[in-house]
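Structure record follows, encoded as structure tokens.
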Amino acid sequence: MKIRIILVLVLMTSTAQAKEHVVEMLNEHQGHMMRFSVSILNVASGDTVIWKATHKTHNVEFIDGGIPATSAPFKSPYNQDGQFTFNVPGLYVFKCNAHVGMGMLGLVIVDNNLSNLVALRTLKLPLLARDRLDELIKTLSDRGRGQPLNKKPNMPADVTPLPSQ
Ligand SMILES: [Cu+2]
């Protein structure tokens with residue numbers, strides 16, 4: 001009986017902690033064409049990210065080699081919301097297939113784990129996408145200097161729109 005109560009408590013706790021985060025797929029954002037509303041998103045294991053098809057002609061896919069080695073791949077259909085639950089700590093680069101050439105990509109960081117950052121630095125990408133990813137990586141480095149990226153993975157500030165260029 002005691003064990004059953006403890007199990008229920010444990011299950012309730014983990015359900016309560018898992019969060020949903022929303023990223024919009026947009027034709028225009030902060031003066032830039034073809035962008036995700038959030039470029040760097042900090043989440044915790046068990047959290048789900050929903051990419052909302054606010055504007056059409058977009059989709060979302062993890063970039064090959066741009067996710068932790070043991071994570072499943074992910075690709076959503078065009079013009080529909082997509083969602084993925086993150087269970088493997090690390091960095092994930094997501095892109096829109098139609099507009100990655102215009103730099104339409106972003107990063108999810110699970111559990112503040114940057115262990116696959118080196119792989120991201122050498123990903124082969126279209127020129128503007130490469131520039132954009134370098135810019136995001138630089139933001140990570142700057143923010144991470146001297147302190148953890150964030151202390152509480154689920155604090156509101158974990159949804160961070162990138163400053164305009
Ligand atoms: Cu797009």
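Identifiers in the structure tokens: chain A, B, ... in order shown; residue index from 1 per chain; ligand index from 1 in order shown.
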message = Among range 50-156 of chain A, which residues does DSSP mark as alpha helix (DSSP H) when it is run on the backbone? Keep the chain and numbering as in the structure and answer as JSON, numbers by chain.
response = {"A": [117, 118, 119, 120, 121, 127, 128, 129, 130, 131, 132, 133, 134, 135, 136, 137, 138, 139, 140, 141, 142, 143, 144]}
inquiry  = Please find the residues contacting ligand 1 at a distance of at most 10 Å between atoms, with only C-alpha atoms and all ligand atoms counted, and report them as a PyMOL selection string.
reply    = chain A and resi 25-27+33-36+53+55-60+78-79+95-105
If you keep N, CA and C atoms, can you produce a file of those selected residues as a short mmCIF file (atom, residue, chain, number, x, y, z; two decimals), in the first residue's frame?
data_model
loop_
_atom_site.label_atom_id
_atom_site.label_comp_id
_atom_site.auth_asym_id
_atom_site.auth_seq_id
_atom_site.Cartn_x
_atom_site.Cartn_y
_atom_site.Cartn_z
N MET A 25 6.05 29.18 -36.40
CA MET A 25 6.72 29.25 -37.70
C MET A 25 6.15 30.47 -38.40
N LEU A 26 7.02 31.43 -38.72
CA LEU A 26 6.56 32.74 -39.17
C LEU A 26 7.20 33.17 -40.49
N ASN A 27 6.44 33.92 -41.28
CA ASN A 27 7.00 34.50 -42.50
C ASN A 27 7.85 35.73 -42.20
N MET A 33 12.76 37.96 -42.52
CA MET A 33 11.88 37.06 -43.26
C MET A 33 12.12 35.62 -42.79
N MET A 34 11.07 34.83 -42.77
CA MET A 34 11.15 33.39 -42.56
C MET A 34 11.97 33.03 -41.31
N ARG A 35 11.29 33.10 -40.19
CA ARG A 35 11.95 32.83 -38.92
C ARG A 35 11.05 31.99 -38.00
N PHE A 36 11.68 31.31 -37.08
CA PHE A 36 10.96 30.75 -35.95
C PHE A 36 10.85 31.85 -34.89
N ALA A 53 2.10 26.09 -36.78
CA ALA A 53 2.07 26.56 -38.17
C ALA A 53 1.25 27.84 -38.27
N HIS A 55 2.04 30.71 -39.68
CA HIS A 55 2.05 31.03 -41.11
C HIS A 55 2.29 29.74 -41.88
N LYS A 56 1.90 29.74 -43.14
CA LYS A 56 2.02 28.52 -43.95
C LYS A 56 3.34 28.49 -44.72
N THR A 57 3.56 27.41 -45.41
CA THR A 57 4.76 27.09 -46.22
C THR A 57 5.96 26.68 -45.38
N HIS A 58 5.75 26.36 -44.11
CA HIS A 58 6.87 25.96 -43.26
C HIS A 58 6.68 24.54 -42.71
N ASN A 59 7.79 23.98 -42.29
CA ASN A 59 7.75 22.74 -41.51
C ASN A 59 8.94 22.77 -40.55
N VAL A 60 9.14 21.69 -39.84
CA VAL A 60 10.31 21.63 -38.95
C VAL A 60 10.92 20.23 -39.03
N TYR A 78 4.54 19.85 -43.87
CA TYR A 78 4.35 21.28 -44.12
C TYR A 78 2.95 21.73 -43.68
N ASN A 79 2.88 22.98 -43.23
CA ASN A 79 1.59 23.64 -42.94
C ASN A 79 0.82 23.01 -41.79
N LYS A 95 15.26 22.99 -38.31
CA LYS A 95 15.21 23.87 -39.48
C LYS A 95 13.85 23.76 -40.13
N CYS A 96 13.54 24.74 -40.96
CA CYS A 96 12.44 24.62 -41.91
C CYS A 96 13.07 24.22 -43.24
N ASN A 97 12.58 23.15 -43.82
CA ASN A 97 13.19 22.66 -45.06
C ASN A 97 13.12 23.67 -46.20
N ALA A 98 12.00 24.39 -46.28
CA ALA A 98 11.83 25.34 -47.39
C ALA A 98 12.76 26.54 -47.25
N HIS A 99 13.06 26.93 -46.02
CA HIS A 99 13.73 28.21 -45.82
C HIS A 99 15.04 28.12 -45.03
N VAL A 100 15.59 26.93 -44.89
CA VAL A 100 16.86 26.82 -44.17
C VAL A 100 17.94 27.64 -44.89
N GLY A 101 17.81 27.74 -46.22
CA GLY A 101 18.76 28.53 -47.02
C GLY A 101 18.70 30.01 -46.70
N MET A 102 17.59 30.44 -46.07
CA MET A 102 17.46 31.84 -45.64
C MET A 102 17.79 31.96 -44.15
N GLY A 103 18.27 30.88 -43.57
CA GLY A 103 18.67 30.92 -42.16
C GLY A 103 17.56 30.57 -41.20
N MET A 104 16.50 29.92 -41.70
CA MET A 104 15.38 29.58 -40.81
C MET A 104 15.72 28.31 -40.04
N LEU A 105 16.36 28.49 -38.90
CA LEU A 105 16.70 27.38 -38.02
C LEU A 105 16.73 27.85 -36.58
#
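In this model, the gap between CA of Phe86 in chain A and CA of Thr48 in chain A comes to 6.2 Å.
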inquiry  = For range 107-122 of chain A, find every residue with an atom within 6 Å (counting only C-alpha atoms), except residues of its own chain fewer than 4 positions away, and show them as number ranges by chain.
reply    = A: 39-44, 66, 89-93
Could those residues be written to a file, using N, CA and C atoms, as a compact mmCIF listing (two decimals), in the first residue's frame?
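And here is the file that came out, out.txt:
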# COMPACT_ATOMS: atom_id res chain seq x y z
N SER A 39 14.46 31.28 -31.23
CA SER A 39 15.65 30.70 -31.88
C SER A 39 16.45 29.81 -30.95
N ILE A 40 16.39 30.11 -29.65
CA ILE A 40 17.08 29.28 -28.67
C ILE A 40 16.11 28.98 -27.54
N LEU A 41 15.89 27.72 -27.32
CA LEU A 41 14.88 27.30 -26.36
C LEU A 41 15.50 26.33 -25.36
N ASN A 42 15.47 26.70 -24.09
CA ASN A 42 15.96 25.80 -23.04
C ASN A 42 14.80 24.97 -22.49
N VAL A 43 14.95 23.67 -22.52
CA VAL A 43 13.90 22.80 -21.98
C VAL A 43 14.53 21.75 -21.06
N ALA A 44 13.66 21.04 -20.35
CA ALA A 44 14.12 19.94 -19.50
C ALA A 44 13.68 18.62 -20.12
N GLY A 66 22.89 17.16 -36.23
CA GLY A 66 22.74 18.31 -35.35
C GLY A 66 21.93 18.01 -34.11
N PRO A 89 19.30 14.43 -23.27
CA PRO A 89 19.94 15.73 -23.06
C PRO A 89 20.89 16.09 -24.20
N GLY A 90 21.01 17.36 -24.48
CA GLY A 90 21.93 17.81 -25.52
C GLY A 90 21.34 18.93 -26.34
N LEU A 91 22.05 19.26 -27.42
CA LEU A 91 21.63 20.33 -28.34
C LEU A 91 20.95 19.74 -29.56
N TYR A 92 19.90 20.41 -30.01
CA TYR A 92 19.17 19.99 -31.20
C TYR A 92 19.04 21.19 -32.13
N VAL A 93 19.47 21.02 -33.38
CA VAL A 93 19.26 22.07 -34.37
C VAL A 93 18.04 21.71 -35.20
ask   = Which distance in Å separates CA of Arg4 in chain A and CA of Ala18 in chain A, to one decimal?
value =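 Here the two named atoms are 21.6 Å from each other.
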ask   = Which residues in range 4-139 of chain A does DSSP call strand (DSSP E or B)? List them as a PyMOL selection string.
value = chain A and resi 20-29+32-36+40-43+48-52+61-62+75+82-85+90-95+105-110
key: CA of Asp47 in chain A to CA of Leu125 in chain A, straight-line distance in Å   =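 Computing it gives 27.6 Å between the two atoms.
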inquiry  = So, with only C-alpha atoms as the atoms that count, which of A:Arg132, A:His29, A:Lys75, A:Lys138 lies closest to Ile63 in chain A?
reply    =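 Ranking A:Arg132, A:His29, A:Lys75, A:Lys138 by distance to Ile63 in chain A, first place goes to A:Lys75.
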Could you name the residues that touch Asn87 in chain A at 8 Å or less, counting only C-alpha atoms, but leaving out those on the same chain fewer than 6 positions away, as a compact mmCIF listing (two decimals) with N, CA and C atoms, in the first residue's frame?
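Result saved to around_3.txt:
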# COMPACT_ATOMS: atom_id res chain seq x y z
N SER A 45 14.38 17.55 -19.78
CA SER A 45 13.98 16.21 -20.23
C SER A 45 12.51 15.99 -19.92
N GLY A 46 11.78 15.45 -20.87
CA GLY A 46 10.36 15.19 -20.69
C GLY A 46 9.47 16.31 -21.21
N ASP A 47 10.06 17.48 -21.47
CA ASP A 47 9.29 18.59 -22.02
C ASP A 47 8.97 18.35 -23.50
N SER A 71 19.33 10.33 -29.99
CA SER A 71 17.95 10.83 -30.13
C SER A 71 17.33 10.35 -31.43
